[in-house]
>>> print(open('target.cif').read())   # mmCIF, C-alpha atoms
data_protein
#
loop_
_atom_site.label_atom_id
_atom_site.label_comp_id
_atom_site.auth_asym_id
_atom_site.auth_seq_id
_atom_site.Cartn_x
_atom_site.Cartn_y
_atom_site.Cartn_z
CA LEU A 1 93.09 87.37 75.14
CA PRO A 2 90.76 88.03 72.13
CA SER A 3 92.18 90.52 69.64
CA LYS A 4 89.08 92.75 69.84
CA TYR A 5 90.01 93.64 73.42
CA ILE A 6 93.58 94.67 72.71
CA PRO A 7 92.89 98.27 71.65
CA LYS A 8 90.96 99.00 74.87
CA SER A 9 93.70 97.46 77.00
CA ILE A 10 96.39 99.46 75.25
CA THR A 11 94.33 102.64 75.47
CA MET A 12 93.86 102.08 79.18
CA LYS A 13 97.58 101.74 79.76
CA PHE A 14 98.34 104.85 77.70
CA SER A 15 95.76 106.75 79.76
CA ALA A 16 97.60 105.84 82.95
CA ILE A 17 100.86 107.13 81.48
CA ILE A 18 99.24 110.36 80.25
CA LEU A 19 97.61 111.01 83.60
CA ALA A 20 100.87 110.40 85.43
CA LEU A 21 102.64 112.88 83.17
CA THR A 22 99.85 115.44 83.33
CA PHE A 23 99.63 115.51 87.09
CA GLY A 24 103.29 114.89 87.70
CA ALA A 25 103.60 118.49 88.78
CA ALA A 26 101.64 117.61 91.87
CA ALA A 27 104.58 115.38 92.84
CA ALA A 28 102.40 112.38 93.45
CA PHE A 29 105.14 109.94 92.57
CA ALA A 30 108.14 112.13 93.34
CA PRO A 31 109.88 112.94 96.61
CA ALA A 32 108.67 116.11 98.24
CA THR A 33 110.66 119.23 97.39
CA ARG A 34 112.42 121.23 100.06
CA SER A 35 109.73 123.93 100.10
CA ALA A 36 106.96 121.35 100.23
CA ARG A 37 108.61 119.52 103.09
CA SER A 38 108.97 122.70 105.10
CA SER A 39 105.30 123.57 104.61
CA VAL A 40 104.27 120.13 105.79
CA ARG A 41 106.48 120.42 108.83
CA VAL A 42 104.99 123.77 109.77
CA ASN A 43 101.54 122.22 109.85
CA ALA A 44 102.79 119.38 112.03
CA GLU A 45 105.05 121.46 114.29
CA PRO A 46 102.92 121.33 117.49
CA THR A 47 103.43 118.21 119.54
CA GLY A 48 100.62 116.18 121.03
CA GLY A 49 97.15 116.20 119.56
CA LEU A 50 96.31 113.57 116.97
CA ASN A 51 99.43 112.12 115.35
CA GLY A 52 101.05 115.47 116.07
CA TRP A 53 98.23 117.44 114.45
CA VAL A 54 96.71 120.23 116.51
CA PRO A 55 93.63 121.71 114.76
CA ASP A 56 94.16 125.36 113.84
CA GLU A 57 91.03 127.23 112.83
CA ASN A 58 93.09 129.97 111.16
CA ALA A 59 95.09 127.55 108.97
CA PHE A 60 93.98 126.11 105.65
CA ALA A 61 91.98 122.90 106.19
CA TRP A 62 92.46 123.34 109.95
CA GLY A 63 96.16 122.66 109.52
CA LEU A 64 95.79 119.14 108.10
CA PRO A 65 98.68 118.01 105.88
CA GLY A 66 98.19 117.34 102.18
CA ALA A 67 99.27 120.47 100.31
CA LEU A 68 102.26 120.45 97.95
CA GLU A 69 103.72 122.98 95.56
CA PRO A 70 102.90 124.06 92.92
CA MET A 71 99.21 123.49 93.72
CA GLY A 72 99.49 124.67 97.33
CA ASN A 73 96.19 125.12 99.16
CA PHE A 74 94.11 123.97 96.21
CA ASP A 75 90.39 124.36 96.90
CA PRO A 76 88.68 126.00 93.89
CA ALA A 77 85.19 124.95 95.05
CA GLY A 78 85.71 126.49 98.49
CA PHE A 79 84.86 123.39 100.52
CA ALA A 80 87.30 124.41 103.23
CA ASP A 81 85.95 127.94 103.58
CA GLY A 82 84.18 128.40 106.88
CA CYS A 83 83.70 124.70 107.55
CA SER A 84 83.71 123.41 111.10
CA LEU A 85 86.36 121.09 112.49
CA ASN A 86 84.00 118.12 112.29
CA GLU A 87 83.15 118.90 108.67
CA MET A 88 86.82 119.18 107.75
CA LYS A 89 87.57 115.86 109.41
CA ARG A 90 84.70 114.26 107.47
CA TYR A 91 86.03 115.71 104.20
CA ARG A 92 89.50 114.34 104.92
CA GLU A 93 88.09 110.97 106.00
CA ALA A 94 86.22 110.71 102.72
CA GLU A 95 89.21 111.83 100.66
CA VAL A 96 91.75 109.48 102.18
CA THR A 97 89.34 106.51 102.11
CA HIS A 98 88.37 107.03 98.47
CA GLY A 99 92.02 107.55 97.60
CA ARG A 100 92.99 104.22 99.11
CA VAL A 101 90.20 102.42 97.23
CA ALA A 102 91.23 104.16 94.01
CA MET A 103 94.87 103.12 94.40
CA LEU A 104 93.79 99.50 94.76
CA SER A 105 91.47 99.79 91.76
CA VAL A 106 94.19 101.24 89.52
CA VAL A 107 96.52 98.37 90.38
CA GLY A 108 93.66 95.96 89.74
CA PHE A 109 92.86 97.47 86.35
CA LEU A 110 96.45 97.43 85.12
CA VAL A 111 97.43 94.01 86.49
CA ALA A 112 94.25 92.00 85.93
CA GLU A 113 94.16 92.48 82.16
CA SER A 114 97.66 91.03 81.79
CA PHE A 115 97.78 88.55 84.66
CA HIS A 116 94.70 86.74 85.91
CA PRO A 117 95.49 83.19 87.06
CA LEU A 118 92.52 82.88 89.40
CA PHE A 119 89.29 81.05 88.55
CA GLY A 120 91.05 78.74 86.13
CA GLY A 121 92.50 81.58 84.08
CA ASP A 122 89.20 81.92 82.22
CA ILE A 123 88.68 85.57 83.17
CA GLY A 124 89.74 87.91 80.35
CA GLY A 125 88.92 91.01 78.40
CA PRO A 126 88.49 94.54 79.79
CA ALA A 127 89.02 94.64 83.55
CA ILE A 128 85.78 96.56 84.08
CA ARG A 129 83.86 93.38 83.10
CA HIS A 130 85.93 90.88 85.10
CA LEU A 131 83.59 90.80 88.08
CA ASP A 132 80.69 89.93 85.80
CA GLN A 133 82.63 86.93 84.52
CA VAL A 134 83.62 85.92 88.04
CA ARG A 135 79.96 85.92 89.09
CA GLU A 136 79.23 83.47 86.28
CA VAL A 137 82.10 81.16 87.22
CA ALA A 138 81.87 81.47 91.04
CA PRO A 139 78.67 83.23 92.15
CA ILE A 140 79.53 82.88 95.86
CA PHE A 141 82.66 85.02 95.39
CA PHE A 142 80.62 88.21 95.01
CA ASP A 143 78.74 87.49 98.24
CA ILE A 144 82.01 86.89 100.09
CA LEU A 145 83.46 90.09 98.65
CA ALA A 146 80.45 92.16 99.65
CA PHE A 147 80.46 90.67 103.16
CA THR A 148 84.19 91.41 103.56
CA ILE A 149 83.69 95.02 102.49
CA ALA A 150 80.79 95.35 104.91
CA LEU A 151 82.94 94.07 107.79
CA ALA A 152 85.72 96.53 106.90
CA GLU A 153 83.27 99.43 106.84
CA LEU A 154 81.70 98.33 110.10
CA TYR A 155 85.11 98.25 111.75
CA ARG A 156 85.92 101.73 110.40
CA SER A 157 82.65 103.10 111.71
CA LEU A 158 83.23 101.64 115.17
CA VAL A 159 86.74 103.10 115.36
CA GLY A 160 86.16 106.58 114.02
CA TRP A 161 82.50 107.50 114.12
CA VAL A 162 80.30 108.74 116.95
CA PRO A 163 77.65 106.14 117.95
CA PRO A 164 74.10 107.15 116.94
CA PRO A 165 72.89 107.80 120.53
CA LYS A 166 75.69 110.36 121.03
CA ILE A 167 75.27 112.28 117.77
CA GLN A 168 74.74 116.00 118.36
CA LYS A 169 74.38 117.51 114.88
CA TYR A 170 75.21 115.34 111.87
CA PHE A 171 73.45 111.99 111.91
CA GLY A 172 75.90 109.39 110.66
CA GLY A 173 78.47 112.09 110.00
CA GLU A 174 80.29 112.89 113.23
CA LEU A 175 83.78 111.63 113.97
CA ASN A 176 85.14 110.97 117.43
CA GLU A 177 87.16 113.84 118.86
CA ASP A 178 90.16 111.58 119.46
CA TYR A 179 90.07 110.10 115.94
CA TYR A 180 92.46 111.23 113.23
CA PRO A 181 90.80 110.97 109.78
CA GLY A 182 91.83 107.75 108.08
CA ASP A 183 93.81 106.32 110.98
CA ILE A 184 91.88 103.17 111.86
CA GLY A 185 94.91 101.46 113.37
CA PHE A 186 95.53 99.13 110.41
CA ASP A 187 99.30 99.03 109.88
CA PRO A 188 100.42 95.39 109.53
CA LEU A 189 103.84 96.36 108.14
CA GLY A 190 104.54 98.96 110.81
CA LEU A 191 105.08 101.77 108.30
CA LYS A 192 103.36 104.51 110.31
CA PRO A 193 105.96 106.97 111.64
CA THR A 194 105.89 107.91 115.28
CA ASP A 195 107.40 111.33 114.64
CA PRO A 196 104.67 113.93 113.88
CA LYS A 197 106.69 115.58 111.10
CA GLU A 198 107.39 112.29 109.36
CA PHE A 199 103.75 111.26 109.72
CA ALA A 200 102.60 114.51 108.08
CA GLU A 201 104.99 113.96 105.18
CA MET A 202 103.88 110.36 104.71
CA GLN A 203 100.21 111.29 104.73
CA THR A 204 100.84 114.04 102.20
CA LYS A 205 102.40 111.46 99.89
CA GLU A 206 99.47 109.09 100.45
CA LEU A 207 96.96 111.84 99.68
CA GLN A 208 98.77 112.91 96.51
CA ASN A 209 98.94 109.35 95.21
CA GLY A 210 95.31 108.78 96.18
CA ARG A 211 94.19 111.91 94.33
CA LEU A 212 96.02 110.85 91.19
CA ALA A 213 94.58 107.33 91.49
CA MET A 214 91.03 108.72 91.74
CA LEU A 215 91.53 110.64 88.49
CA ALA A 216 93.10 107.60 86.80
CA SER A 217 90.35 105.20 87.91
CA MET A 218 87.67 107.60 86.67
CA GLY A 219 89.42 107.60 83.31
CA PHE A 220 89.49 103.80 83.22
CA ILE A 221 85.80 103.53 84.09
CA ALA A 222 84.78 106.19 81.57
CA GLN A 223 86.56 104.33 78.78
#
>>> encode(input="target.cif", output="structure tokens")
Amino acid sequence: LPSKYIPKSITMKFSAIILALTFGAAAAFAPATRSARSSVRVNAEPTGGLNGWVPDENAFAWGLPGALEPMGNFDPAGFADGCSLNEMKRYREAEVTHGRVAMLSVVGFLVAESFHPLFGGDIGGPAIRHLDQVREVAPIFFDILAFTIALAELYRSLVGWVPPPKIQKYFGGELNEDYYPGDIGFDPLGLKPTDPKEFAEMQTKELQNGRLAMLASMGFIAQ
């Protein structure tokens, strides 16, 4: 690795540590506290519905899990105020999807700069430029990557989204009534709990880690 890249790599790693410490209060990487667990369980108390979730118009975010102390029902921009059920499901779908992508990107940033055996080991330097180097070494890789992403998005749209002929209000933005935001049925390791309370707790942890990862990845990209 050329010496001119070392400061950026080190800075990037320190940024990840600082962000983890700064937002540690949100318990993204810590077990849920007793009060947080009880609040999650209250939201998931009704049985039936979607993964145990029964939409409640009078509850914050229609009763979806995701809030932890000390932040609680954090919504300074007021996105959840007065929104319909379909809008709330779209917000959650976007949040959980972007969080998952961000978690993968953070791992990619931190690992790729130190360990990159693919493509002959010739890929180096800041991780943000690795794809550019890959396109020079193996141009077809980018096409395969784009096609794979397109297939994944197509599958997600077929599982969760209302087909265009059946759209009533939001073109391209209506979710099926029997679809839980983010649950596309992909669980190869069988980690999804069957108990509604445990599912709500697991999704809260996923959301908290995803939120932290989105902040961290934005910091990496900005640098």
>>> resolve_selection(input="target.cif", expression="the PyMOL selection byres ((chain A and resi 208-213) around 6)", output="ChimeraX atom specification")
/A:28,99-100,102-103,205-207,214-217
>>> resolve_selection(input="target.cif", expression="the PyMOL selection byres ((chain A and resi 153-159) around 10)", output="number ranges by chain")
A: 147-152, 160-163, 172, 175-176, 179, 182-186
>>> atom_distance(input="target.cif", atom1="CA of Leu189 in chain A", atom2="CA of Gly52 in chain A")
20.9 Å
>>> resolve_selection(input="target.cif", expression="the PyMOL selection byres ((chain A and resi 79) around 12)", output="PyMOL selection string")
chain A and resi 60-61+73-78+80-84+87-92
>>> atom_distance(input="target.cif", atom1="CA of Ala200 in chain A", atom2="CA of Ala59 in chain A")
15.1 Å
>>> residues_around(input="target.cif", residues="Ile221 in chain A", least_positions_apart="2", cutoff="12 Å", atoms="only C-alpha atoms", output="list in words")
Lys8, Met12, Ser15, Ala102, Ser105, Val106, Phe109, Pro126, Ala127, Ile128, Arg129, Met214, Leu215, Ala216, Ser217, Met218, Gly219 and Gln223 of chain A
>>> residues_around(input="target.cif", residues="Thr204 in chain A", least_positions_apart="5", cutoff="8 Å", atoms="all atoms listed in the file", output="PyMOL selection string")
chain A and resi 40+65-68
>>> atom_distance(input="target.cif", atom1="CA of Gly125 in chain A", atom2="CA of Leu145 in chain A")
21.0 Å
